[in-house]
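J.: See work.txt below, with compact mmCIF, N, CA and C atoms.
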```
# COMPACT_ATOMS: atom_id res chain seq x y z
N MET A 1152 17.69 35.94 -2.85
CA MET A 1152 16.29 35.97 -2.49
C MET A 1152 15.52 34.88 -3.25
N LEU A 1153 15.86 34.70 -4.51
CA LEU A 1153 15.20 33.68 -5.30
C LEU A 1153 15.48 32.29 -4.76
N SER A 1154 16.70 32.04 -4.29
CA SER A 1154 17.03 30.72 -3.73
C SER A 1154 16.24 30.46 -2.45
N PHE A 1155 15.96 31.48 -1.67
CA PHE A 1155 15.14 31.34 -0.46
C PHE A 1155 13.76 30.83 -0.83
N PHE A 1156 13.16 31.43 -1.86
CA PHE A 1156 11.82 31.01 -2.28
C PHE A 1156 11.83 29.60 -2.85
N LYS A 1157 12.87 29.24 -3.60
CA LYS A 1157 12.96 27.88 -4.14
C LYS A 1157 13.11 26.87 -3.02
N LYS A 1158 13.95 27.18 -2.00
CA LYS A 1158 14.12 26.28 -0.87
C LYS A 1158 12.80 26.13 -0.10
N HIS A 1159 12.11 27.23 0.10
CA HIS A 1159 10.83 27.20 0.81
C HIS A 1159 9.81 26.36 0.03
N GLN A 1160 9.79 26.53 -1.30
CA GLN A 1160 8.88 25.76 -2.13
C GLN A 1160 9.22 24.27 -2.07
N THR A 1161 10.51 23.93 -2.10
CA THR A 1161 10.94 22.54 -2.01
C THR A 1161 10.57 21.95 -0.65
N ASP A 1162 10.80 22.71 0.42
CA ASP A 1162 10.43 22.25 1.76
C ASP A 1162 8.92 22.03 1.87
N GLU A 1163 8.16 22.90 1.26
CA GLU A 1163 6.70 22.78 1.31
C GLU A 1163 6.24 21.56 0.51
N GLN A 1164 6.89 21.28 -0.62
CA GLN A 1164 6.55 20.10 -1.40
C GLN A 1164 6.87 18.82 -0.62
N LEU A 1165 8.03 18.82 0.06
CA LEU A 1165 8.42 17.67 0.88
C LEU A 1165 7.39 17.45 1.98
N ARG A 1166 7.03 18.51 2.67
CA ARG A 1166 6.05 18.44 3.75
C ARG A 1166 4.73 17.86 3.25
N LYS A 1167 4.24 18.39 2.12
CA LYS A 1167 2.97 17.93 1.56
C LYS A 1167 3.07 16.45 1.15
N SER A 1168 4.15 16.07 0.52
CA SER A 1168 4.32 14.68 0.08
C SER A 1168 4.34 13.73 1.28
N LEU A 1169 5.03 14.11 2.35
CA LEU A 1169 5.10 13.24 3.54
C LEU A 1169 3.74 13.11 4.20
N PHE A 1170 3.01 14.21 4.32
CA PHE A 1170 1.67 14.14 4.90
C PHE A 1170 0.72 13.32 4.02
N ASP A 1171 0.84 13.49 2.71
CA ASP A 1171 0.01 12.70 1.79
C ASP A 1171 0.32 11.20 1.93
N PHE A 1172 1.61 10.88 2.06
CA PHE A 1172 2.01 9.48 2.19
C PHE A 1172 1.49 8.89 3.50
N LEU A 1173 1.59 9.66 4.58
CA LEU A 1173 1.08 9.19 5.87
C LEU A 1173 -0.44 8.99 5.80
N ALA A 1174 -1.14 9.90 5.16
CA ALA A 1174 -2.60 9.77 5.02
C ALA A 1174 -2.95 8.53 4.18
N GLU A 1175 -2.16 8.26 3.15
CA GLU A 1175 -2.40 7.08 2.33
C GLU A 1175 -2.16 5.80 3.14
N MET A 1176 -1.14 5.80 3.99
CA MET A 1176 -0.89 4.64 4.86
C MET A 1176 -2.07 4.42 5.80
N GLU A 1177 -2.59 5.51 6.36
CA GLU A 1177 -3.73 5.39 7.27
C GLU A 1177 -4.96 4.85 6.54
N LYS A 1178 -5.18 5.28 5.31
CA LYS A 1178 -6.31 4.76 4.52
C LYS A 1178 -6.11 3.28 4.21
N ASN A 1179 -4.86 2.89 3.94
CA ASN A 1179 -4.59 1.48 3.67
C ASN A 1179 -4.79 0.63 4.91
N LEU A 1180 -4.49 1.18 6.07
CA LEU A 1180 -4.75 0.44 7.31
C LEU A 1180 -6.26 0.26 7.50
N GLU A 1181 -7.03 1.29 7.20
CA GLU A 1181 -8.49 1.18 7.27
C GLU A 1181 -9.00 0.13 6.29
N LEU A 1182 -8.44 0.13 5.07
CA LEU A 1182 -8.83 -0.89 4.09
C LEU A 1182 -8.53 -2.29 4.62
N PHE A 1183 -7.37 -2.44 5.26
CA PHE A 1183 -7.03 -3.74 5.83
C PHE A 1183 -8.09 -4.17 6.83
N TYR A 1184 -8.45 -3.28 7.75
CA TYR A 1184 -9.42 -3.64 8.79
C TYR A 1184 -10.77 -4.01 8.19
N VAL A 1185 -11.20 -3.30 7.16
CA VAL A 1185 -12.47 -3.61 6.50
C VAL A 1185 -12.39 -5.00 5.86
N MET A 1186 -11.31 -5.25 5.11
CA MET A 1186 -11.18 -6.56 4.45
C MET A 1186 -11.06 -7.69 5.48
N ASP A 1187 -10.31 -7.44 6.55
CA ASP A 1187 -10.10 -8.47 7.56
C ASP A 1187 -11.40 -8.76 8.30
N GLN A 1188 -12.14 -7.73 8.64
CA GLN A 1188 -13.39 -7.91 9.37
C GLN A 1188 -14.46 -8.61 8.52
N ARG A 1189 -14.54 -8.22 7.27
CA ARG A 1189 -15.54 -8.81 6.38
C ARG A 1189 -15.13 -10.19 5.87
N GLN A 1190 -13.84 -10.51 5.97
CA GLN A 1190 -13.31 -11.74 5.39
C GLN A 1190 -13.58 -11.76 3.89
N PHE A 1191 -13.52 -10.56 3.29
CA PHE A 1191 -13.81 -10.42 1.87
C PHE A 1191 -12.94 -9.30 1.32
N ILE A 1192 -12.20 -9.59 0.26
CA ILE A 1192 -11.30 -8.61 -0.33
C ILE A 1192 -12.03 -7.93 -1.48
N THR A 1193 -12.25 -6.64 -1.33
CA THR A 1193 -13.03 -5.91 -2.32
C THR A 1193 -12.17 -5.08 -3.28
N SER A 1194 -11.02 -4.62 -2.80
CA SER A 1194 -10.20 -3.75 -3.65
C SER A 1194 -8.75 -3.85 -3.20
N GLY A 1195 -7.89 -3.27 -4.01
CA GLY A 1195 -6.48 -3.23 -3.67
C GLY A 1195 -6.17 -2.05 -2.76
N TYR A 1196 -4.91 -1.96 -2.40
CA TYR A 1196 -4.45 -0.86 -1.56
C TYR A 1196 -4.09 0.34 -2.42
N LEU A 1197 -4.09 1.51 -1.81
CA LEU A 1197 -3.75 2.75 -2.50
C LEU A 1197 -2.24 2.85 -2.66
N THR A 1198 -1.81 3.32 -3.84
CA THR A 1198 -0.37 3.47 -4.10
C THR A 1198 -0.06 4.77 -4.85
N ASP A 1199 -0.97 5.70 -4.85
CA ASP A 1199 -0.80 6.92 -5.64
C ASP A 1199 0.38 7.79 -5.20
N VAL A 1200 0.66 7.84 -3.92
CA VAL A 1200 1.68 8.75 -3.40
C VAL A 1200 3.08 8.14 -3.48
N TRP A 1201 3.19 6.83 -3.47
CA TRP A 1201 4.50 6.16 -3.45
C TRP A 1201 5.47 6.67 -4.51
N PRO A 1202 5.06 6.83 -5.77
CA PRO A 1202 6.01 7.31 -6.77
C PRO A 1202 6.59 8.70 -6.45
N ARG A 1203 5.85 9.52 -5.74
CA ARG A 1203 6.33 10.86 -5.38
C ARG A 1203 7.32 10.84 -4.23
N VAL A 1204 7.25 9.82 -3.37
CA VAL A 1204 8.08 9.84 -2.15
C VAL A 1204 9.19 8.80 -2.14
N LYS A 1205 9.18 7.86 -3.06
CA LYS A 1205 10.11 6.73 -2.98
C LYS A 1205 11.58 7.12 -3.06
N ASP A 1206 11.89 8.27 -3.64
CA ASP A 1206 13.29 8.68 -3.77
C ASP A 1206 13.73 9.70 -2.71
N ILE A 1207 12.87 10.01 -1.77
CA ILE A 1207 13.22 10.94 -0.69
C ILE A 1207 14.12 10.20 0.31
N ASP A 1208 15.20 10.84 0.73
CA ASP A 1208 16.19 10.20 1.60
C ASP A 1208 15.60 9.62 2.88
N ILE A 1209 14.72 10.37 3.54
CA ILE A 1209 14.18 9.85 4.80
C ILE A 1209 13.28 8.65 4.58
N ILE A 1210 12.75 8.50 3.40
CA ILE A 1210 11.94 7.32 3.07
C ILE A 1210 12.86 6.15 2.76
N LYS A 1211 13.91 6.40 1.99
CA LYS A 1211 14.82 5.33 1.56
C LYS A 1211 15.61 4.72 2.71
N ARG A 1212 15.79 5.43 3.80
CA ARG A 1212 16.61 4.89 4.88
C ARG A 1212 15.87 3.89 5.79
N HIS A 1213 14.59 3.71 5.56
CA HIS A 1213 13.81 2.79 6.41
C HIS A 1213 13.40 1.54 5.64
N GLU A 1214 13.91 0.42 6.09
CA GLU A 1214 13.58 -0.88 5.48
C GLU A 1214 12.08 -1.16 5.60
N THR A 1215 11.47 -0.74 6.70
CA THR A 1215 10.05 -1.02 6.91
C THR A 1215 9.19 -0.34 5.83
N ILE A 1216 9.61 0.82 5.39
CA ILE A 1216 8.84 1.54 4.37
C ILE A 1216 9.03 0.87 3.01
N ALA A 1217 10.24 0.39 2.74
CA ALA A 1217 10.49 -0.34 1.48
C ALA A 1217 9.69 -1.63 1.46
N VAL A 1218 9.64 -2.33 2.60
CA VAL A 1218 8.86 -3.57 2.70
C VAL A 1218 7.37 -3.25 2.51
N TYR A 1219 6.92 -2.17 3.11
CA TYR A 1219 5.53 -1.73 2.96
C TYR A 1219 5.18 -1.57 1.48
N ALA A 1220 6.00 -0.82 0.76
CA ALA A 1220 5.72 -0.56 -0.66
C ALA A 1220 5.74 -1.86 -1.46
N GLN A 1221 6.71 -2.71 -1.16
CA GLN A 1221 6.83 -3.99 -1.87
C GLN A 1221 5.62 -4.88 -1.59
N ASP A 1222 5.21 -4.96 -0.33
CA ASP A 1222 4.08 -5.82 0.03
C ASP A 1222 2.75 -5.29 -0.50
N ILE A 1223 2.59 -3.98 -0.50
CA ILE A 1223 1.37 -3.38 -1.06
C ILE A 1223 1.29 -3.70 -2.55
N GLU A 1224 2.41 -3.52 -3.25
CA GLU A 1224 2.44 -3.82 -4.68
C GLU A 1224 2.20 -5.31 -4.92
N GLY A 1225 2.82 -6.17 -4.11
CA GLY A 1225 2.63 -7.61 -4.25
C GLY A 1225 1.18 -8.02 -4.03
N PHE A 1226 0.55 -7.43 -3.03
CA PHE A 1226 -0.86 -7.72 -2.76
C PHE A 1226 -1.72 -7.28 -3.94
N ASN A 1227 -1.50 -6.05 -4.41
CA ASN A 1227 -2.30 -5.54 -5.53
C ASN A 1227 -2.12 -6.40 -6.78
N GLN A 1228 -0.90 -6.86 -7.03
CA GLN A 1228 -0.65 -7.71 -8.19
C GLN A 1228 -1.36 -9.06 -8.03
N ALA A 1229 -1.27 -9.65 -6.84
CA ALA A 1229 -1.95 -10.92 -6.58
C ALA A 1229 -3.47 -10.78 -6.72
N LEU A 1230 -4.00 -9.66 -6.28
CA LEU A 1230 -5.43 -9.40 -6.42
C LEU A 1230 -5.82 -9.30 -7.89
N LYS A 1231 -5.00 -8.62 -8.67
CA LYS A 1231 -5.27 -8.49 -10.11
C LYS A 1231 -5.27 -9.86 -10.79
N VAL A 1232 -4.28 -10.68 -10.48
CA VAL A 1232 -4.19 -12.02 -11.08
C VAL A 1232 -5.41 -12.85 -10.67
N HIS A 1233 -5.76 -12.78 -9.38
CA HIS A 1233 -6.92 -13.54 -8.90
C HIS A 1233 -8.20 -13.11 -9.60
N LYS A 1234 -8.44 -11.81 -9.69
CA LYS A 1234 -9.68 -11.31 -10.31
C LYS A 1234 -9.74 -11.67 -11.79
N GLU A 1235 -8.61 -11.58 -12.49
CA GLU A 1235 -8.59 -11.94 -13.91
C GLU A 1235 -8.88 -13.43 -14.09
N TYR A 1236 -8.27 -14.26 -13.26
CA TYR A 1236 -8.50 -15.70 -13.36
C TYR A 1236 -9.94 -16.04 -12.99
N GLU A 1237 -10.44 -15.39 -11.97
CA GLU A 1237 -11.81 -15.62 -11.54
C GLU A 1237 -12.80 -15.25 -12.64
N ALA A 1238 -12.55 -14.11 -13.31
CA ALA A 1238 -13.43 -13.68 -14.40
C ALA A 1238 -13.36 -14.70 -15.56
N TRP A 1239 -12.17 -15.19 -15.86
CA TRP A 1239 -12.03 -16.19 -16.90
C TRP A 1239 -12.76 -17.48 -16.50
N TYR A 1240 -12.61 -17.89 -15.26
CA TYR A 1240 -13.22 -19.12 -14.74
C TYR A 1240 -14.74 -19.03 -14.82
N ILE A 1241 -15.28 -17.92 -14.42
CA ILE A 1241 -16.74 -17.73 -14.40
C ILE A 1241 -17.29 -17.50 -15.80
N GLY A 1242 -16.46 -16.98 -16.70
CA GLY A 1242 -16.90 -16.56 -18.01
C GLY A 1242 -17.39 -17.66 -18.94
N ASP A 1243 -16.96 -18.88 -18.72
CA ASP A 1243 -17.35 -19.96 -19.62
C ASP A 1243 -17.50 -21.24 -18.81
N VAL A 1244 -18.60 -21.92 -19.01
CA VAL A 1244 -18.86 -23.15 -18.27
C VAL A 1244 -17.79 -24.20 -18.53
N ASN A 1245 -17.18 -24.18 -19.70
CA ASN A 1245 -16.12 -25.15 -20.02
C ASN A 1245 -14.85 -24.93 -19.18
N ASN A 1246 -14.71 -23.74 -18.60
CA ASN A 1246 -13.54 -23.43 -17.76
C ASN A 1246 -13.69 -23.98 -16.34
N LYS A 1247 -14.88 -24.39 -15.99
CA LYS A 1247 -15.16 -24.83 -14.62
C LYS A 1247 -14.83 -26.31 -14.45
N THR A 1248 -13.54 -26.57 -14.44
CA THR A 1248 -13.05 -27.94 -14.22
C THR A 1248 -12.50 -28.04 -12.81
N PRO A 1249 -12.36 -29.24 -12.27
CA PRO A 1249 -11.78 -29.38 -10.93
C PRO A 1249 -10.37 -28.79 -10.84
N GLU A 1250 -9.58 -28.97 -11.88
CA GLU A 1250 -8.21 -28.43 -11.86
C GLU A 1250 -8.22 -26.89 -11.83
N ASN A 1251 -9.07 -26.29 -12.63
CA ASN A 1251 -9.18 -24.83 -12.64
C ASN A 1251 -9.75 -24.31 -11.32
N ALA A 1252 -10.66 -25.05 -10.73
CA ALA A 1252 -11.21 -24.67 -9.43
C ALA A 1252 -10.12 -24.69 -8.36
N ARG A 1253 -9.26 -25.73 -8.40
CA ARG A 1253 -8.14 -25.79 -7.44
C ARG A 1253 -7.21 -24.60 -7.61
N LYS A 1254 -6.94 -24.25 -8.87
CA LYS A 1254 -6.06 -23.11 -9.12
C LYS A 1254 -6.68 -21.82 -8.59
N LEU A 1255 -7.98 -21.65 -8.82
CA LEU A 1255 -8.68 -20.47 -8.32
C LEU A 1255 -8.60 -20.40 -6.79
N HIS A 1256 -8.81 -21.53 -6.14
CA HIS A 1256 -8.74 -21.56 -4.67
C HIS A 1256 -7.31 -21.30 -4.18
N ALA A 1257 -6.32 -21.77 -4.92
CA ALA A 1257 -4.92 -21.52 -4.55
C ALA A 1257 -4.59 -20.04 -4.68
N LEU A 1258 -5.09 -19.39 -5.73
CA LEU A 1258 -4.87 -17.95 -5.89
C LEU A 1258 -5.53 -17.17 -4.75
N LYS A 1259 -6.72 -17.60 -4.36
CA LYS A 1259 -7.44 -16.95 -3.25
C LYS A 1259 -6.70 -17.16 -1.94
N ALA A 1260 -6.16 -18.36 -1.73
CA ALA A 1260 -5.41 -18.65 -0.50
C ALA A 1260 -4.13 -17.80 -0.45
N GLU A 1261 -3.48 -17.63 -1.60
CA GLU A 1261 -2.28 -16.79 -1.65
C GLU A 1261 -2.63 -15.35 -1.29
N LEU A 1262 -3.74 -14.87 -1.82
CA LEU A 1262 -4.19 -13.51 -1.53
C LEU A 1262 -4.52 -13.34 -0.05
N ASP A 1263 -5.21 -14.32 0.51
CA ASP A 1263 -5.54 -14.27 1.94
C ASP A 1263 -4.27 -14.28 2.79
N GLY A 1264 -3.27 -15.05 2.38
CA GLY A 1264 -2.00 -15.09 3.11
C GLY A 1264 -1.30 -13.75 3.08
N LYS A 1265 -1.33 -13.08 1.95
CA LYS A 1265 -0.71 -11.75 1.84
C LYS A 1265 -1.46 -10.75 2.72
N LEU A 1266 -2.77 -10.88 2.79
CA LEU A 1266 -3.57 -9.96 3.60
C LEU A 1266 -3.23 -10.07 5.08
N LYS A 1267 -3.01 -11.27 5.57
CA LYS A 1267 -2.76 -11.47 7.00
C LYS A 1267 -1.56 -10.69 7.52
N ASN A 1268 -0.54 -10.50 6.70
CA ASN A 1268 0.68 -9.81 7.13
C ASN A 1268 0.59 -8.29 7.02
N MET A 1269 -0.42 -7.79 6.34
CA MET A 1269 -0.44 -6.37 6.01
C MET A 1269 -0.60 -5.45 7.21
N GLU A 1270 -1.31 -5.85 8.22
CA GLU A 1270 -1.51 -4.97 9.37
C GLU A 1270 -0.17 -4.58 9.98
N ALA A 1271 0.66 -5.56 10.28
CA ALA A 1271 1.96 -5.27 10.90
C ALA A 1271 2.85 -4.46 9.96
N VAL A 1272 2.82 -4.78 8.69
CA VAL A 1272 3.66 -4.08 7.72
C VAL A 1272 3.27 -2.60 7.65
N ILE A 1273 1.98 -2.33 7.58
CA ILE A 1273 1.50 -0.94 7.49
C ILE A 1273 1.81 -0.18 8.78
N ILE A 1274 1.57 -0.80 9.92
CA ILE A 1274 1.79 -0.12 11.20
C ILE A 1274 3.27 0.22 11.40
N LEU A 1275 4.15 -0.74 11.15
CA LEU A 1275 5.59 -0.49 11.33
C LEU A 1275 6.10 0.62 10.41
N ALA A 1276 5.68 0.59 9.16
CA ALA A 1276 6.10 1.63 8.22
C ALA A 1276 5.55 2.99 8.64
N GLY A 1277 4.30 3.03 9.07
CA GLY A 1277 3.70 4.28 9.52
C GLY A 1277 4.39 4.85 10.74
N GLN A 1278 4.78 3.98 11.67
CA GLN A 1278 5.49 4.44 12.86
C GLN A 1278 6.84 5.05 12.50
N ASP A 1279 7.56 4.43 11.58
CA ASP A 1279 8.85 4.99 11.15
C ASP A 1279 8.67 6.32 10.46
N LEU A 1280 7.65 6.43 9.61
CA LEU A 1280 7.39 7.70 8.94
C LEU A 1280 7.00 8.77 9.95
N GLU A 1281 6.17 8.44 10.91
CA GLU A 1281 5.78 9.41 11.93
C GLU A 1281 6.98 9.88 12.74
N ARG A 1282 7.90 8.95 13.11
CA ARG A 1282 9.11 9.34 13.84
C ARG A 1282 9.95 10.33 13.03
N GLU A 1283 10.09 10.08 11.76
CA GLU A 1283 10.84 11.01 10.89
C GLU A 1283 10.17 12.36 10.83
N MET A 1284 8.86 12.36 10.75
CA MET A 1284 8.13 13.62 10.68
C MET A 1284 8.20 14.39 11.99
N VAL A 1285 8.26 13.68 13.11
CA VAL A 1285 8.46 14.33 14.41
C VAL A 1285 9.84 14.98 14.45
N GLN A 1286 10.85 14.24 14.00
CA GLN A 1286 12.21 14.79 13.99
C GLN A 1286 12.34 16.02 13.09
N LEU A 1287 11.57 16.05 12.02
CA LEU A 1287 11.57 17.20 11.13
C LEU A 1287 10.73 18.36 11.66
N GLY A 1288 10.00 18.11 12.75
CA GLY A 1288 9.14 19.14 13.31
C GLY A 1288 7.80 19.25 12.62
N LEU A 1289 7.46 18.28 11.81
CA LEU A 1289 6.19 18.32 11.10
C LEU A 1289 5.04 17.80 11.94
N LEU A 1290 5.35 16.92 12.89
CA LEU A 1290 4.36 16.36 13.81
C LEU A 1290 4.86 16.58 15.23
N LYS A 1291 3.93 16.65 16.15
CA LYS A 1291 4.31 16.72 17.57
C LYS A 1291 4.20 15.34 18.17
N SER A 1292 5.14 15.00 19.04
CA SER A 1292 5.12 13.66 19.64
C SER A 1292 4.11 13.52 20.74
```
Just dump the structure as structure tokens.

T.:
Amino acid sequence: MLSFFKKHQTDEQLRKSLFDFLAEMEKNLELFYVMDQRQFITSGYLTDVWPRVKDIDIIKRHETIAVYAQDIEGFNQALKVHKEYEAWYIGDVNNKTPENARKLHALKAELDGKLKNMEAVIILAGQDLEREMVQLGLLKS
């Protein structure tokens, strides 16, 4: 009887984690559309749920989900580097040299390049996750 309750609790945790991950993907897609429409990057993508789901078998079997996590992390890291450099550049008039300006623009261009690919990455990963959830009976097709 105790094993039944443990299995049910584990299944419920899996269900909650998968739904949380799907909701986070949907929020990240919304963030993409806002940044793309405004042509202005205001924040990074959400990654709170990834550590909870990255070792689940149905997550690990999809390359698109691994690419999603890698690209989200890469974007967030590039954003952090850009913002830190931008703050340093703006912080002191002596930092505002043509060479530093070129570097700042190169960091911004790299960030913009990473942003352009995110829509397809998020959509493909979300579709694979939804298919898995349908097969598990968690979503209806």

J.: Give me, as a list in words, all polymer residues having an atom no more than 8 Å from stretch 1165-1178 of chain A, counting all atoms listed in the file and skipping those fewer than 3 positions away in the same chain.

T.: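 The residues that qualify are His1159, Gln1160, Thr1161, Asp1162, Glu1181, Leu1182, Phe1183, Tyr1184, Tyr1196, Leu1197, Thr1198, Asp1199, Val1200, Trp1201, Arg1203, Val1204, Ile1273, Ile1274, Ala1276, Gly1277, Leu1280, Glu1281, Met1284 and Leu1289 of chain A.
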
J.: List as number ranges by chain: which residues have an atom within 6 Å of (10.8, -0.3, 8.9), counting all atoms listed in the file?

T.: A: 1213-1216, 1275-1276

J.: As an exercise, work out the distance from atom C of A:His1233 to atom C of A:Phe1191 in Å and give it to one decimal place.

T.: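 These atoms are spaced 12.5 Å apart.
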
J.: Of the candidates A:Leu1287, A:Met1269, A:Leu1255, A:Met1186, which shows the shortest atom-to-atom distance to A:Tyr1236, using all atoms listed in the file?

T.: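 Nearest candidate to A:Tyr1236 out of A:Leu1287, A:Met1269, A:Leu1255, A:Met1186: A:Leu1255.
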
J.: Mind giving me the straight-line distance from atom N of A:Ala1229 to atom C of A:Gly1195 in Å, one decimal?

T.: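 Result for atom N of A:Ala1229 versus atom C of A:Gly1195: 9.9 Å, one decimal.
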
J.: For a test of reading the model, state the distance in Å between atom C of A:Leu1262 and atom CA of A:Ile1210, rounded to one decimal.

T.: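 Going from atom C of A:Leu1262 over to atom CA of A:Ile1210, I get 26.6 Å.
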
J.: Which residue is closest to A:Lys1231? Choose from A:Leu1258, A:Val1285, A:Ala1271, A:Val1185 and count only C-alpha atoms.

T.: A:Leu1258

J.: Out of stretch 1153-1290 of chain A, which residues get alpha helix (DSSP H) from DSSP, as a ChimeraX atom specification?

T.: /A:1153-1189,1201-1204,1208-1211,1214-1242,1249-1286

J.: Would you give the centre and edge lengths, in Å to one decimal, of a box along x, y and z around the listed atoms of stretch 1203-1209 of chain A, with 4 Å added to each side, as JSON?

T.:
```
{"center_x": 11.0, "center_y": 8.8, "center_z": -0.5, "size_x": 18.3, "size_y": 12.2, "size_z": 18.5}
```

J.: Using only C-alpha atoms, which protein or nucleic acid residues come within 10 Å of stretch 1263-1267 of chain A? Drop anything in the same chain fewer than 3 positions from it, and give the result as a PyMOL selection string.

T.: chain A and resi 1183+1186-1187+1190-1192+1222-1223+1225-1227+1229-1230+1257-1260+1270-1272
